[in-house]
Structures are given as structure tokens and as C-alpha cells.
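For reference, coords23.txt (compact mmCIF, C-alpha atoms and all ligand atoms):
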# COMPACT_ATOMS: atom_id res chain seq x y z
CA MET H 1 25.29 7.98 33.87
CA THR H 2 28.58 7.91 31.94
CA GLU H 3 28.03 4.18 31.65
CA THR H 4 24.42 4.75 30.49
CA PHE H 5 25.66 6.97 27.67
CA ARG H 6 28.09 4.35 26.47
CA LEU H 7 25.49 1.56 26.66
CA ALA H 8 22.84 3.68 24.90
CA ASP H 9 25.36 4.48 22.16
CA ALA H 10 26.26 0.80 21.76
CA ALA H 11 22.57 -0.21 21.49
CA ALA H 12 21.92 2.58 18.98
CA THR H 13 24.92 1.54 16.88
CA PHE H 14 23.72 -2.07 16.95
CA LEU H 15 20.19 -1.10 15.82
CA LEU H 16 21.46 1.12 12.99
CA SER H 17 23.74 -1.68 11.80
CA GLN H 18 20.61 -3.77 11.10
CA THR H 19 19.11 -1.38 8.52
CA SER H 20 20.03 1.27 5.97
CA LEU H 21 17.10 3.43 7.14
CA ARG H 22 17.97 6.42 9.34
CA PRO H 23 14.77 7.19 11.26
CA GLN H 24 14.38 10.65 12.77
CA ILE H 25 11.02 9.86 14.36
CA GLY H 26 10.54 7.31 17.13
CA LEU H 27 7.33 5.81 18.40
CA VAL H 28 6.51 3.97 21.58
CA LEU H 29 3.35 1.93 21.11
CA GLY H 30 1.62 1.14 24.38
CA SER H 31 -0.70 -1.63 25.59
CA GLY H 32 -2.62 -3.08 22.65
CA LEU H 33 -1.56 -0.21 20.37
CA GLY H 34 1.21 -1.97 18.47
CA ALA H 35 -0.65 -2.48 15.16
CA PHE H 36 0.90 0.62 13.61
CA ALA H 37 4.28 -1.10 13.44
CA ASP H 38 2.84 -4.12 11.59
CA GLN H 39 2.06 -1.88 8.61
CA LEU H 40 5.55 -0.49 8.14
CA THR H 41 7.29 -1.31 4.85
CA GLU H 42 10.95 -2.23 4.28
CA SER H 43 10.83 -3.15 7.93
CA ILE H 44 13.08 -5.11 10.22
CA ARG H 45 12.01 -6.42 13.62
CA ILE H 46 14.43 -6.76 16.47
CA PRO H 47 13.24 -8.39 19.71
CA TYR H 48 14.30 -6.37 22.76
CA ALA H 49 16.16 -9.46 24.02
CA GLN H 50 18.59 -9.05 21.08
CA ILE H 51 19.31 -5.37 21.69
CA PRO H 52 22.32 -4.90 24.00
CA SER H 53 21.31 -3.66 27.49
CA PHE H 54 17.64 -3.25 26.49
CA PRO H 55 15.02 -4.06 29.16
CA ARG H 56 12.48 -6.73 28.19
CA SER H 57 8.77 -6.01 28.48
CA THR H 58 6.70 -8.37 30.64
CA ALA H 59 3.30 -6.64 30.44
CA VAL H 60 0.41 -8.43 28.76
CA GLY H 61 -0.40 -6.77 25.41
CA HIS H 62 3.20 -5.67 24.92
CA LEU H 63 5.15 -7.55 22.27
CA GLY H 64 8.63 -6.35 23.05
CA GLN H 65 10.32 -5.60 19.76
CA MET H 66 11.70 -2.65 17.85
CA VAL H 67 10.42 -2.29 14.29
CA ILE H 68 12.39 -0.02 12.00
CA GLY H 69 10.64 0.68 8.72
CA LYS H 70 8.77 3.22 6.64
CA ALA H 71 5.30 4.69 7.03
CA GLY H 72 4.75 6.10 3.55
CA ASP H 73 7.96 8.05 2.85
CA THR H 74 8.88 8.48 6.50
CA ALA H 75 11.41 6.22 8.19
CA VAL H 76 10.52 5.48 11.80
CA ALA H 77 11.75 3.39 14.71
CA ALA H 78 8.72 1.97 16.49
CA MET H 79 8.82 0.19 19.82
CA GLN H 80 6.08 -2.38 20.12
CA GLY H 81 5.74 -2.40 23.87
CA ARG H 82 7.53 -0.59 26.67
CA VAL H 83 8.61 -1.42 30.19
CA HIS H 84 6.96 0.14 33.22
CA LEU H 85 8.09 1.06 36.72
CA TYR H 86 5.43 -1.29 38.13
CA GLU H 87 7.20 -4.26 36.55
CA GLY H 88 10.06 -3.56 38.92
CA TYR H 89 12.39 -1.82 36.48
CA SER H 90 14.35 1.14 37.77
CA VAL H 91 13.49 4.51 36.30
CA GLY H 92 16.85 4.41 34.51
CA GLU H 93 15.88 1.15 32.83
CA VAL H 94 12.49 2.55 31.88
CA ALA H 95 14.13 5.60 30.29
CA PHE H 96 16.92 3.61 28.60
CA PRO H 97 15.05 2.89 25.31
CA THR H 98 14.38 6.63 24.98
CA ARG H 99 18.10 7.26 25.42
CA VAL H 100 18.80 4.71 22.68
CA LEU H 101 16.30 6.31 20.31
CA GLY H 102 17.94 9.67 20.98
CA ARG H 103 21.39 8.29 20.24
CA MET H 104 19.98 6.80 17.00
CA GLY H 105 19.25 10.36 15.90
CA ILE H 106 15.55 10.55 16.70
CA GLN H 107 14.38 14.18 16.89
CA ALA H 108 10.69 13.59 17.49
CA LEU H 109 9.12 10.98 19.71
CA ILE H 110 5.50 9.89 19.52
CA LEU H 111 4.41 8.22 22.74
CA THR H 112 1.14 6.34 23.03
CA ASN H 113 -0.52 4.78 26.01
CA ALA H 114 -3.70 3.38 27.47
CA ALA H 115 -5.18 5.59 30.15
CA GLY H 116 -8.17 5.92 32.40
CA GLY H 117 -10.46 8.85 31.65
CA ILE H 118 -10.91 11.28 34.55
CA ASN H 119 -12.48 14.11 32.53
CA LEU H 120 -16.20 13.39 32.40
CA ALA H 121 -16.40 14.69 28.82
CA TYR H 122 -14.38 11.66 27.65
CA LYS H 123 -15.89 8.38 26.59
CA GLN H 124 -14.36 4.94 26.55
CA GLY H 125 -12.30 4.69 23.34
CA ALA H 126 -11.62 8.44 23.09
CA LEU H 127 -8.24 9.60 21.79
CA VAL H 128 -6.62 12.38 23.79
CA VAL H 129 -3.55 14.41 22.89
CA ILE H 130 -1.56 14.98 26.07
CA SER H 131 -0.97 18.69 26.69
CA ASP H 132 0.94 18.40 29.96
CA HIS H 133 1.53 15.98 32.81
CA LEU H 134 1.61 15.51 36.55
CA ASN H 135 4.51 13.32 37.61
CA LEU H 136 3.13 11.40 40.59
CA GLN H 137 5.41 8.39 40.15
CA GLY H 138 7.80 9.67 42.81
CA GLN H 139 10.72 9.07 40.46
CA ASN H 140 12.67 10.93 37.82
CA PRO H 141 15.15 9.41 35.34
CA LEU H 142 17.51 12.37 35.74
CA VAL H 143 18.22 11.75 39.43
CA GLY H 144 21.91 11.11 40.04
CA PRO H 145 25.05 12.57 38.48
CA ASN H 146 24.18 14.38 35.26
CA ASP H 147 25.82 13.41 31.97
CA GLU H 148 25.94 16.64 29.97
CA ARG H 149 26.16 14.62 26.76
CA PHE H 150 22.48 13.78 27.24
CA GLY H 151 21.57 17.33 28.15
CA PRO H 152 21.27 19.87 30.96
CA ARG H 153 21.00 19.15 34.68
CA PHE H 154 17.70 21.06 34.94
CA PRO H 155 15.76 20.68 31.70
CA ASP H 156 12.87 23.03 31.03
CA MET H 157 9.45 21.34 31.01
CA THR H 158 7.21 24.31 30.16
CA GLN H 159 6.32 22.89 26.75
CA ALA H 160 7.13 19.24 27.23
CA TYR H 161 4.44 18.31 24.71
CA TYR H 162 5.34 20.34 21.63
CA LYS H 163 2.48 22.64 20.76
CA PRO H 164 2.72 22.49 16.94
CA TYR H 165 2.60 18.67 17.06
CA ARG H 166 -0.52 18.87 19.20
CA GLY H 167 -2.11 21.16 16.62
CA TRP H 168 -1.19 18.87 13.74
CA ALA H 169 -2.63 15.86 15.57
CA ARG H 170 -5.86 17.78 16.00
CA GLU H 171 -5.91 18.77 12.32
CA ALA H 172 -5.18 15.20 11.23
CA ALA H 173 -8.03 13.90 13.40
CA ASP H 174 -10.38 16.54 12.00
CA LYS H 175 -9.50 15.50 8.43
CA LEU H 176 -10.16 11.87 9.33
CA GLY H 177 -13.48 12.80 10.94
CA GLN H 178 -12.24 11.59 14.33
CA THR H 179 -13.08 13.23 17.64
CA ILE H 180 -9.96 14.16 19.55
CA HIS H 181 -9.46 15.82 22.92
CA GLU H 182 -6.54 17.44 24.72
CA GLY H 183 -5.80 16.78 28.34
CA VAL H 184 -3.41 16.57 31.26
CA TYR H 185 -1.99 13.11 32.03
CA ALA H 186 -1.36 12.08 35.62
CA GLY H 187 1.29 9.36 35.78
CA LEU H 188 1.09 7.05 38.80
CA LEU H 189 3.27 4.14 39.80
CA GLY H 190 0.58 1.43 39.75
CA PRO H 191 0.09 -1.46 39.27
CA SER H 192 -3.13 -1.36 41.27
CA TYR H 193 -5.70 0.88 39.66
CA GLU H 194 -6.63 4.02 41.56
CA THR H 195 -9.30 4.26 44.21
CA PRO H 196 -12.34 6.45 43.53
CA ALA H 197 -11.01 8.89 46.16
CA GLU H 198 -7.69 9.10 44.31
CA ILE H 199 -9.53 9.84 41.09
CA ARG H 200 -11.49 12.67 42.73
CA TYR H 201 -8.21 14.02 44.09
CA LEU H 202 -6.55 13.80 40.66
CA ARG H 203 -9.48 15.63 39.05
CA THR H 204 -9.18 18.41 41.64
CA MET H 205 -5.49 18.70 40.76
CA GLY H 206 -6.29 19.23 37.10
CA ALA H 207 -5.77 15.74 35.66
CA ASP H 208 -7.90 14.58 32.73
CA LEU H 209 -6.25 11.17 32.33
CA VAL H 210 -4.47 8.68 34.52
CA GLY H 211 -1.92 6.05 33.55
CA MET H 212 1.20 4.20 34.66
CA SER H 213 3.74 5.01 31.96
CA THR H 214 5.11 7.69 29.61
CA ILE H 215 6.48 10.24 32.09
CA PRO H 216 10.03 8.85 32.46
CA GLU H 217 10.28 8.71 28.66
CA VAL H 218 9.07 12.30 28.32
CA ILE H 219 11.56 13.61 30.88
CA ALA H 220 14.51 11.76 29.34
CA ALA H 221 13.50 12.86 25.82
CA ARG H 222 13.09 16.49 26.82
CA GLN H 223 16.54 16.51 28.39
CA MET H 224 17.90 15.36 25.00
CA GLY H 225 15.95 18.07 23.16
CA ILE H 226 13.62 15.56 21.48
CA LYS H 227 10.17 16.97 20.69
CA ILE H 228 7.17 15.02 21.89
CA LEU H 229 3.70 14.13 20.75
CA ALA H 230 1.83 11.89 23.19
CA ILE H 231 -1.58 10.37 22.60
CA SER H 232 -3.65 8.42 25.11
CA CYS H 233 -6.42 6.01 24.34
CA VAL H 234 -9.08 6.21 27.04
CA THR H 235 -9.51 2.49 27.55
CA ASN H 236 -11.84 2.90 30.50
CA MET H 237 -13.38 5.62 32.62
CA ALA H 238 -11.30 5.93 35.79
CA ALA H 239 -12.26 4.23 39.04
CA GLY H 240 -15.55 5.24 40.61
CA ILE H 241 -16.92 7.12 37.59
CA LEU H 242 -19.01 4.22 36.39
CA ASP H 243 -20.59 1.76 38.76
CA GLN H 244 -18.28 -1.10 37.77
CA PRO H 245 -14.84 -2.49 38.61
CA LEU H 246 -11.84 -1.95 36.29
CA ASP H 247 -10.02 -4.80 34.64
CA HIS H 248 -7.12 -5.17 32.25
CA GLN H 249 -9.14 -7.23 29.76
CA GLU H 250 -11.42 -4.24 29.28
CA VAL H 251 -8.38 -2.04 28.69
CA LEU H 252 -7.11 -4.38 25.97
CA ALA H 253 -10.57 -4.81 24.41
CA THR H 254 -10.84 -1.02 24.01
CA THR H 255 -7.42 -0.64 22.39
CA THR H 256 -8.32 -3.44 19.97
CA ARG H 257 -11.51 -1.57 19.05
CA VAL H 258 -9.78 1.76 18.38
CA GLN H 259 -6.57 0.36 16.78
CA ALA H 260 -7.67 1.28 13.24
CA ASP H 261 -8.45 4.90 14.16
CA PHE H 262 -5.23 5.12 16.11
CA VAL H 263 -3.12 3.83 13.23
CA ALA H 264 -4.85 6.19 10.79
CA LEU H 265 -4.16 9.15 13.07
CA LEU H 266 -0.49 8.26 13.48
CA ARG H 267 -0.07 7.82 9.74
CA ALA H 268 -1.73 11.17 9.07
CA VAL H 269 0.36 13.16 11.52
CA LEU H 270 3.75 11.60 10.69
CA PRO H 271 4.36 13.44 7.38
CA GLU H 272 3.75 16.79 9.11
CA ILE H 273 6.32 16.00 11.78
CA ALA H 274 8.78 14.72 9.15
CA LYS H 275 8.33 17.94 7.16
CA ASP H 276 9.00 20.02 10.26
CA ILE H 277 12.22 18.11 10.95
CA ARG H 278 13.37 18.61 7.33
CA GLU H 279 12.60 22.34 7.37
CA ARG H 280 14.30 22.80 10.70
CA ALA H 281 17.43 21.03 9.37
CA ARG H 282 17.42 23.29 6.30
CA ARG H 283 17.05 26.44 8.43
CA GLU H 284 19.80 25.38 10.77
CA GLY H 285 21.97 24.56 7.74
N1 LIG X 1 -5.68 3.83 35.62
C1 LIG X 1 -4.34 3.76 35.43
N2 LIG X 1 -3.80 3.29 34.32
C2 LIG X 1 -4.62 2.89 33.34
C3 LIG X 1 -6.01 2.96 33.45
C4 LIG X 1 -6.57 3.45 34.67
O1 LIG X 1 -7.80 3.55 34.84
N3 LIG X 1 -6.53 2.48 32.30
C5 LIG X 1 -5.48 2.15 31.51
N4 LIG X 1 -4.32 2.40 32.12
Show me, as C-alpha cells, the structure contained in the file I just sent.
Ligand code: HPA
Amino acid sequence: MTETFRLADAAATFLLSQTSLRPQIGLVLGSGLGAFADQLTESIRIPYAQIPSFPRSTAVGHLGQMVIGKAGDTAVAAMQGRVHLYEGYSVGEVAFPTRVLGRMGIQALILTNAAGGINLAYKQGALVVISDHLNLQGQNPLVGPNDERFGPRFPDMTQAYYKPYRGWAREAADKLGQTIHEGVYAGLLGPSYETPAEIRYLRTMGADLVGMSTIPEVIAARQMGIKILAISCVTNMAAGILDQPLDHQEVLATTTRVQADFVALLRAVLPEIAKDIRERARREG
């Protein structure tokens, strides 16, 4: 862990040396949801392969670069693509980019992902603000000796998904005339999709969504005191709900279809989060 801190610091220093912007908001753009970063101004793009110690993304639909730029007046660091446990990365490697964002000074993290819809009220293409999660990945990035410089041994997870951000996302969607839901995300290891029996079991446990990412990032970010907004795109109804098999092409086709709405929502909610960070800094002097 001591080593992780040093490596995360080195990667953060490297990234900040590439730009004069000092982003306080980070984004992780999931499968097929990277378009937001293409619209940033004053931007620089840094392939993950060039960032010291950074894991490279191998998933289809994930570009694998960090884009630092501005959305309107707000400087952001946006990751186009993430790595997943199912690719064979350790949970420490999966959480490493979050550590780097934290060491860059990020105070808010917006995580996005593609997910299967378990809640029958959802439709394919629906956007869902994550209100809580079920960690069913069998792993946790905080296992091992704790480095207090990242944060406490036993971080609180009662409001992992910051309630005001969830409200602002809802308000932004309302203003844009978009339908938005809130739901509980179940994170599984993958990479096989779930069986219909697993989906029934997840629904019984209170899950509205199922996916294969996000949770290690949330846990690492919460330990560092970073506030989180997470939004899922329901790319497909989960296994067994419709009388058809699941496939990754369908997942990508759905994200392509909702990209524009997704980008509009992110752009609308960012200024609210930026304002909150500014006001908090002023209050804390
Ligand atoms: N299950 C798990 N992960 C997913 C799904 C799914 O149905 N759709 C997109 N990511």
C-alpha cells in the first residue's frame, strides 16, 4: 500500500505536468459512454499506456485514455474507459486510477457504466442514478495493510452515493425533459452474463441493476473522502426478463443510442457539483 501511494502520487504528478488545468471533478466513462470527453475544450489526451503504472483497458468499447479539459467553465479529468476485474486485473489495479484521480486533487467523482436492468420498471436505454450498491465481486480494494494517507481502515459506506448529487442529477434530467430513475447496483465479477436464476435472486436481494464494474472505484474513492455520483445506462434488460439472449453488441448499440442524452445530463449536472466544491472550500476557509 505504501508503494501504491507513491506510484499514485507519481502518476498524478505526471498528469498535472501535462496541463495547467487543475480539475477537481473526475469522470470515469464506461462502455460506449466516452463521447462526453470528446467535447471538452482546452483538452489534452493522454493514453493510459503513457501514464506511469496505469493499467491499460482491453475491453471493447473502451478507448483507454485520460482527457483533461473543460466542460463549460469546469475543469475535469475524464477517463475514457476503465479496467475491470474480469479482464484479470487485481482489485488494486482496478482501483489505481481512482487513487491517481484522488492524488490529483479530485473531490468529486462521476462514475458511469453500462448495466443490465433488473427492475421491471426500467426500459432499455434508461438512465439510472445509483443510490447504493451490493458488492458481490468477492473483492475489496482496501484488503491488506492500510495506508492512512489514503484514508481510514474502515471507511463508512452509509452514503456512498452522495445524496445532494443524486438530487441534482434528477433536477438536471427533469430540466432536460429526460426520464431518470434511482436504483441499487449489484456488482458481479463477470464476464459471463448472469443466469435468469441469478437475476431473480438479485431482485429478491433488492438490486435494480447489475453490472461488472464501478464498485472497487467507489470503495477506494470513499476511503479518500471523494464524493460520488454514479449513473448507469440500462443497455439491456437482465437475463431472463425478455425472451432473448444477451450480447455485448446490443449493450454497445444502446449506449450509442443514448450517448447524446447522457452527455447532456453530465454537462448539466457538472456546474452544480463544481459550485458545491467551491462553496465547501470557502466555508472550510
Ligand atoms: N449484466 C451484467 N453486466 C452488464 C449487463 C448485464 O446484463 N449489461 C451491461 N453490463
12 Å contact set for Ala220 (chain H), all atoms listed in the file, chain neighbours under 3 positions out, as a VMD selection string
chain H and resid 91 to 103 109 140 to 143 146 to 147 150 to 157 160 214 to 217 223 to 228
Inset, instruction - Determine, counting all atoms listed in the file, which protein, DNA and RNA residues have an atom within 12 Å of an atom of Glu194 (chain H); residues of the same chain fewer than 2 positions away are not included. Present the result as a ChimeraX atom specification. - result: /H:115-118,186-192,196-202,209-212,237-241,245-247
Deliver the residues from the most recent selection as a file, using C-alpha atoms, as a PDB file, in the coordinates of the input.
ATOM      1  CA  ALA H 115      -5.180   5.590  30.150  1.00  0.00           C
ATOM      2  CA  GLY H 116      -8.170   5.920  32.400  1.00  0.00           C
ATOM      3  CA  GLY H 117     -10.460   8.850  31.650  1.00  0.00           C
ATOM      4  CA  ILE H 118     -10.910  11.280  34.550  1.00  0.00           C
ATOM      5  CA  ALA H 186      -1.360  12.080  35.620  1.00  0.00           C
ATOM      6  CA  GLY H 187       1.290   9.360  35.780  1.00  0.00           C
ATOM      7  CA  LEU H 188       1.090   7.050  38.800  1.00  0.00           C
ATOM      8  CA  LEU H 189       3.270   4.140  39.800  1.00  0.00           C
ATOM      9  CA  GLY H 190       0.580   1.430  39.750  1.00  0.00           C
ATOM     10  CA  PRO H 191       0.090  -1.460  39.270  1.00  0.00           C
ATOM     11  CA  SER H 192      -3.130  -1.360  41.270  1.00  0.00           C
ATOM     12  CA  PRO H 196     -12.340   6.450  43.530  1.00  0.00           C
ATOM     13  CA  ALA H 197     -11.010   8.890  46.160  1.00  0.00           C
ATOM     14  CA  GLU H 198      -7.690   9.100  44.310  1.00  0.00           C
ATOM     15  CA  ILE H 199      -9.530   9.840  41.090  1.00  0.00           C
ATOM     16  CA  ARG H 200     -11.490  12.670  42.730  1.00  0.00           C
ATOM     17  CA  TYR H 201      -8.210  14.020  44.090  1.00  0.00           C
ATOM     18  CA  LEU H 202      -6.550  13.800  40.660  1.00  0.00           C
ATOM     19  CA  LEU H 209      -6.250  11.170  32.330  1.00  0.00           C
ATOM     20  CA  VAL H 210      -4.470   8.680  34.520  1.00  0.00           C
ATOM     21  CA  GLY H 211      -1.920   6.050  33.550  1.00  0.00           C
ATOM     22  CA  MET H 212       1.200   4.200  34.660  1.00  0.00           C
ATOM     23  CA  MET H 237     -13.380   5.620  32.620  1.00  0.00           C
ATOM     24  CA  ALA H 238     -11.300   5.930  35.790  1.00  0.00           C
ATOM     25  CA  ALA H 239     -12.260   4.230  39.040  1.00  0.00           C
ATOM     26  CA  GLY H 240     -15.550   5.240  40.610  1.00  0.00           C
ATOM     27  CA  ILE H 241     -16.920   7.120  37.590  1.00  0.00           C
ATOM     28  CA  PRO H 245     -14.840  -2.490  38.610  1.00  0.00           C
ATOM     29  CA  LEU H 246     -11.840  -1.950  36.290  1.00  0.00           C
ATOM     30  CA  ASP H 247     -10.020  -4.800  34.640  1.00  0.00           C
TER      31      ASP H 247
END
| request: Would you work out the distance separating CA of Lys70 (chain H) from CA of Val258 (chain H), expressed in Å to one decimal? | output: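 Straight-line distance from CA of Lys70 (chain H) to CA of Val258 (chain H) works out to 22.0 Å.
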Leu15 (chain H) proximity check over H:Met104, H:Leu27, H:Leu33, H:Ala49, using all atoms listed in the file: winner is H:Met104
Counting all atoms listed in the file, the residue among H:Gln24, H:Gln139, H:Gln244, H:Thr41 that lies closest to Val76 (chain H) is H:Gln24
Ligand LIG 1 (chain X) proximity check over H:Ala169, H:Val218, H:Ala230, H:Ala114, using only C-alpha atoms and all ligand atoms: winner is H:Ala114
Identify, on the basis of all atoms listed in the file, every residue whose closest approach to region 272-279 of chain H does not exceed 10 Å; exclude the query and any residue fewer than 2 positions from it along the same chain; express the result as an MDAnalysis selection string.
chainID H and resid 23:25 73:76 107:110 164:165 168:169 172 227 229 267:270 281:285
Item to complete: Record the distance separating CA of His248 (chain H) and CA of Tyr86 (chain H), expressed in Å with one decimal.
Response: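 Interatomic distance, CA of His248 (chain H) to CA of Tyr86 (chain H): 14.4 Å.
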When you count all atoms listed in the file, which of these residues is closest to ligand LIG 1 (chain X): H:Phe36, H:Gly30, H:Lys163, H:Ser43?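 Using all atoms listed in the file, ligand LIG 1 (chain X) sits closest to H:Gly30.
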As a check of understanding: the span from CA of Leu63 (chain H) to CA of Gly34 (chain H) is 7.8 Å
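Comparing the minimum interatomic distances between Phe5 (chain H) and each of H:Ile44, H:Ser53, H:Ala253, H:Ala260, counting only C-alpha atoms, we find that H:Ser53 sits nearest.
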